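Below: one structure, written as structure tokens.
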Amino acid sequence: MKRSLLILFCLIWTTAATAQIRLGQSRYTSPKPVNILELNYSKPQTYRIAEIKAVGLSTLDENAIISLSGLKVDDRIEVPGDAISGALKKLWGQGIIGDVQILVTKIEGEDIYLLLDLTERPRFSRVEFTGVNKTQESELRDKVNIRGRVVREDVMNTAQRNIEKYYLDKGFLNTEVKVVQVRDTTLPNSVKLRFDVDPKTKVKINEIRIFGNDEIADSRVKKKLKKTKEHARVSVFRDIYSRLTSASASDYANAAFRTDSVSQESVKTYINKNFKLNFFNGSKYIPKEYRNDKENVLNFYQSRGFRDVKILEDSVYKFNEEKINIDIEVEEGQKYYYRNITFEGNFIHPDDVLLTRLGIRKGDVYDKEKLDTRLNYDPQKGDDVSSLYQDNGYLFFNIDPVEVNVVGDSIDMEMRVFEGPQVTVNSVKIKGNERTSDHVVMREIRILPGQKFDRSLLVRTIRELSQLGYFDPEKINPDLRPNFEAATVDITFELEERPNDQIELSGGWGGFYGFVGTVGLVFNNFSLKNVRNFDKWDPLPVGDGQKLSLRVQANGRSFQNYSVSLTEPWFGGKKPNALSFSFNHSVQRQVDFFSQNNFGNELGFFKITGATLGLARRVTWPDDNFSISNSIQFQIYEFDQFGTSFGLSYPTGKSNSLTFNNTISRNNVDNPIYPRFGSNITLSTSLTPPYSSLNKNIDGETADEEKFKWLEYHKWMFDASIYTPLFGSQKLVASARAHMGFLGSYGDKIGMIPLERFVMGGDGMTFNNFALGQEIIGLRGYENQSITPGRDTRGTENPDPYGGIVYNKYVMELRFLVSPNPSATIFLLGFAEAGNNWGSYRDFNPYDLKKSAGLGARIFMPAFGLLGVDWGYGFDAIPGSNQRSGAQFHFTIGQQFR
């Protein structure tokens, strides 16, 4: 028996050895055959490798493959032995070889000649998709990046799972993906991979049922499932019936919905109260979002005092092929309240000061989220407990709330304080500003070396850097490196630049003037200093934070506008004093396009040419969010057969205007594109010299040509905007705005001038209204220039002045951030606004307002600025009409302030 087992073992070992290494003539070479008996397999011999070759390769390099085997010429190896088996393992382990054999082609004395006989795995040449659209195909190619990789099962399986996950995240739970390999005859040893995708139908959530919630209603719990929403369902009436009649669902299953048992009015009331249409959230089921939503439910309960809440069980099960149901069972536990709150370890501030700053009192409902916010960082108020310390240098301050006693429904909290040393800022650095010069960034930094650490200044610096517009606000990261022993901190502001130069290419319909095209260029990081340094041109010299704006609008001869402006925000380089200069030239022409005899002839024109020189500076009182700007503006108004359009008694003439403008503003919004916190309040005045008081020859009988040779007026404008996040969300923001303006005179000699009046209605964009010489005020839901006194008397023999001298406007907006991506920031909005425009103070009535409401969308792209579209419905009639304005679409470019 033992002898038989020994013979069997020898046969198996000999077979395995010959599978690893074969002596003889390869199919790739033809040396003289070597007698196999010369090798003694029972006694391995040592040989010197005299030669190694590899065959069977199509794309791989022969020398590289030989190197991967670990065998080298002049190595001494045993045959058979570990060197051969080890080489086989190494080659197999690369995953690029389909089959491999090591052959012996010749043996001469102690020299052995080896041949690696390989079969190379094919590679993926390209990937194709069926059953998907072009957008999905582009996104899937990024998910399935396998071109050039070796054909392997694990690679194909990973690609298939990525495709399935892509559709799972979009709510397609039943997606089928088939993988098909097709030989590619255009490339050697290559395979095309085709994915046949059948997404099926999107799986929606039919019903979400909540169990165990005795204290908080179903509707409030479901609201916290922000990304997991129910789909409108047929069973809603079954639910209505069972709730209104106290009947069970099974009772309804055997009976029709009868109007005698449930009134139609009660059904309507119930639907309006409990079933709201959901426009912004779909009912698709995404497992990742569902997991996050369950955490939202627990956090919501804990913010209502239910400290021990837990989800006992939840189940997701099939309702039909297109819908699923979700059951969630919660255990609410007991509702808790704060009882005693004490502090330990605090020496700088006494307990009563800390307790006042905490804002939580004995008897308040236990709220862990609020407790953490009030202790550590409250972004809305900024007056949390930590700010008392960290705004005064105590960077290492830490406070740990500990529940020291729980009695019944009451919790005693002990706040364990570690104050630490007062820290000094050692260094402040910046990185990531490749295009922007260091001094442009450093001058916006409020927290400086040698100062005590101040968290409020750190937050203010982040806001100032965001306001520059050169960097992605979402990625401004202050990297703090504190040193406890030295009581210092090193701060590095990590920045990521984004494109901020803008190109405006747009067109608009200008009513009588037809189509008007606009070409504009705004260089927000311009540098006059680098004009001669062509290395700094990109495409113009950049880096010093100056703003250069060029703009041209035209539709041919009827309308042209040319403007250029340059702003240096730090004139002198030491203080934020912004020096600006602008030049503008606009012309409107009346051209005869209808008369055959005068076709194309100019019938009249109105031109404005002006220049403005301004200086703005920041001030520190009442706080350092204030700024004051002053400017001097000179304009020439020249018109030919155009004066009656403004209410003048003469059609041809010329007027001049020299105004002093002063603006006081306070701005502390956190983001210029999508503000979440803060306010922007502005009061501006424009004053001309009182020419009539200096010229005794002017009186009420003076001709208009003489009275209006130099325009005399004063104008007051007030604008305020406030932004507040709702429900603790950074995406849902409420915006309230108020605007008003007043135009006045210095006396009865001149009275109210016919120019510089208010024109209201529409999108508020100058290039759509073409109301040169007037102040453009938008009011969505109404046509451009439609709410304007004197609009129906232009061109008559005795026209009324065109435009109002006083206006009011109020706006409420609810904004929802869809995408914070800096390359395409997108948000939606709903609005309600009201305003009016009056031609005299006698007619002024702040309660007589034209009202409207609607929806809109905005997208900000760095190259084009802020683009928007609004649909508004005007509820009132415009002057001269008995019909309400109705629905209007409006398109906007840039930020609309009024």
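Going by the structure tokens order, chains are called A, B, ..., each with residues numbered from 1, while ligands are numbered from 1 in the order shown.
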Next item on the list: Find the spatial neighbours of Tyr290 in chain A, counting only C-alpha atoms, within a cut-off of 12 Å - ignore same-chain residues fewer than 6 positions away - and output them as a PyMOL selection string.
Entry: chain A and resi 169+171+205+208+222+224-229+283-284+296-297+314-316+326+328
Margin query: Residues within 12 Å of Lys381 in chain A, please, as a ChimeraX atom specification. Count only C-alpha atoms; anything in the same chain fewer than 4 positions from it doesn't count.
Written below: /A:357-359,373-374,376-377,385,387,456,677-678,724-725
Selection: 10 Å around Tyr691 in chain A, only C-alpha atoms, excl. self and same-chain fewer than 4 positions, as a PDB file with N, CA, C and O atoms, in the first residue's frame:
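Writing done, so here's result-v8.pdb:
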```pdb
ATOM      1  N   ASN A 695     -28.967 133.451  -9.895  1.00  0.00           N
ATOM      2  CA  ASN A 695     -29.291 134.234 -11.092  1.00  0.00           C
ATOM      3  C   ASN A 695     -30.622 134.954 -10.860  1.00  0.00           C
ATOM      4  O   ASN A 695     -31.699 134.336 -10.907  1.00  0.00           O
ATOM      5  N   LYS A 696     -30.561 136.272 -10.635  1.00  0.00           N
ATOM      6  CA  LYS A 696     -31.776 137.046 -10.344  1.00  0.00           C
ATOM      7  C   LYS A 696     -32.655 137.244 -11.572  1.00  0.00           C
ATOM      8  O   LYS A 696     -33.821 137.646 -11.451  1.00  0.00           O
ATOM      9  N   ILE A 698     -33.757 134.933 -13.455  1.00  0.00           N
ATOM     10  CA  ILE A 698     -34.653 133.779 -13.629  1.00  0.00           C
ATOM     11  C   ILE A 698     -35.837 133.924 -12.682  1.00  0.00           C
ATOM     12  O   ILE A 698     -35.669 134.128 -11.462  1.00  0.00           O
ATOM     13  N   LYS A 707     -34.414 128.404 -18.346  1.00  0.00           N
ATOM     14  CA  LYS A 707     -34.525 127.772 -17.021  1.00  0.00           C
ATOM     15  C   LYS A 707     -33.796 126.433 -16.952  1.00  0.00           C
ATOM     16  O   LYS A 707     -33.200 126.092 -15.932  1.00  0.00           O
ATOM     17  N   TRP A 710     -29.155 124.897 -17.262  1.00  0.00           N
ATOM     18  CA  TRP A 710     -28.448 124.137 -16.221  1.00  0.00           C
ATOM     19  C   TRP A 710     -29.515 123.525 -15.318  1.00  0.00           C
ATOM     20  O   TRP A 710     -30.306 124.245 -14.710  1.00  0.00           O
ATOM     21  N   LEU A 711     -29.540 122.207 -15.267  1.00  0.00           N
ATOM     22  CA  LEU A 711     -30.559 121.506 -14.482  1.00  0.00           C
ATOM     23  C   LEU A 711     -30.326 121.739 -12.995  1.00  0.00           C
ATOM     24  O   LEU A 711     -29.193 121.673 -12.516  1.00  0.00           O
ATOM     25  N   GLU A 712     -31.447 122.002 -12.295  1.00  0.00           N
ATOM     26  CA  GLU A 712     -31.380 122.303 -10.866  1.00  0.00           C
ATOM     27  C   GLU A 712     -32.329 121.357 -10.124  1.00  0.00           C
ATOM     28  O   GLU A 712     -33.536 121.365 -10.359  1.00  0.00           O
ATOM     29  N   TYR A 713     -31.777 120.536  -9.234  1.00  0.00           N
ATOM     30  CA  TYR A 713     -32.624 119.585  -8.506  1.00  0.00           C
ATOM     31  C   TYR A 713     -31.834 118.966  -7.355  1.00  0.00           C
ATOM     32  O   TYR A 713     -30.607 119.116  -7.249  1.00  0.00           O
ATOM     33  N   TYR A 746     -35.389 123.475  -5.538  1.00  0.00           N
ATOM     34  CA  TYR A 746     -34.970 124.459  -4.548  1.00  0.00           C
ATOM     35  C   TYR A 746     -35.974 125.601  -4.400  1.00  0.00           C
ATOM     36  O   TYR A 746     -35.799 126.477  -3.547  1.00  0.00           O
ATOM     37  N   ILE A 750     -37.737 127.469 -10.648  1.00  0.00           N
ATOM     38  CA  ILE A 750     -37.491 126.405 -11.634  1.00  0.00           C
ATOM     39  C   ILE A 750     -38.555 125.315 -11.516  1.00  0.00           C
ATOM     40  O   ILE A 750     -39.097 124.830 -12.501  1.00  0.00           O
TER      41      ILE A 750
END
```
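Within the 8 Å cut-off around Leu457 in chain A, using only C-alpha atoms and omitting residues fewer than 4 positions from it on the same chain, the listed residues are Asp391, Arg446, Ile447 and Thr461 of chain A.
Using only C-alpha atoms, the shortest contact distance between Asn662 in chain A and any of A:Ala616, A:Leu468, A:Val177, A:Leu91 is found at A:Ala616.
CA of Gln730 in chain A lies 22.6 Å from CA of Glu497 in chain A.
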